[in-house]
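Here is the structure we will look at, set down as structure tokens.
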Amino acid sequence: MTGGTRVQVIPNGPVLIAGPVRIEMPGGDVVESDRFMVAVCTCRRSKNYPLCDTSHRRCRRTQSTSASTERTA
């Protein structure tokens with residue numbers, strides 16, 4: 001396939017889309033980014049939703065820390 005938009009799903013992370021992109025939200029708002037690669041949030045924890053701000057990293061680290069604590073207790 002040539003000329004298509006490149007989309008990459010990152011496990012436990014964002015969806016990467018080759019930009020520029022225009023995202024139409026359910027409420028009618030439009031978010032645009034002219035970056036060459038755009039990370040779209042899938043965890044809904046981003047303060048810049050629908051764009052990813054890497055909040056998923058902090059949540060994943062906290063969960064793995066508490067999980068390892070639970071196993072040793």
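Ordering of the structure tokens sets the chain letters (A, B, ...), residue numbers begin anew at 1 in every chain, and ligands are numbered from 1 in the order given.
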
- [ ] Using DSSP on the backbone coordinates, identify all residues within region 7-71 of chain A classified as helix (DSSP H, G or I); present the result as number ranges by chain.
- [x] A: 55-71

Task: Selection near Asp34 (chain A), 9 Å with only C-alpha atoms, sequence-local residues under 6 positions removed, as a ChimeraX atom specification - done: /A:19-22

Task: Shell around Pro11 (chain A) at 12 Å using only C-alpha atoms, local window under 2 positions removed, as a PyMOL selection string - done: chain A and resi 8-9+13-16+41-43+56-57+60

TODO: Could you check which of A:Arg35, A:Val7, A:Pro50, A:Arg44 is closest to Ile23 (chain A), using only C-alpha atoms?
DONE: A:Pro50

Open item on the list: So, with only C-alpha atoms as the atoms that count, which of A:Asn12, A:Gly4, A:Phe36, A:Gly27 lies closest to Thr54 (chain A)?
Closed with: A:Asn12

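Between CA of Arg6 (chain A) and CA of Gly28 (chain A) lies a distance of 24.6 Å.
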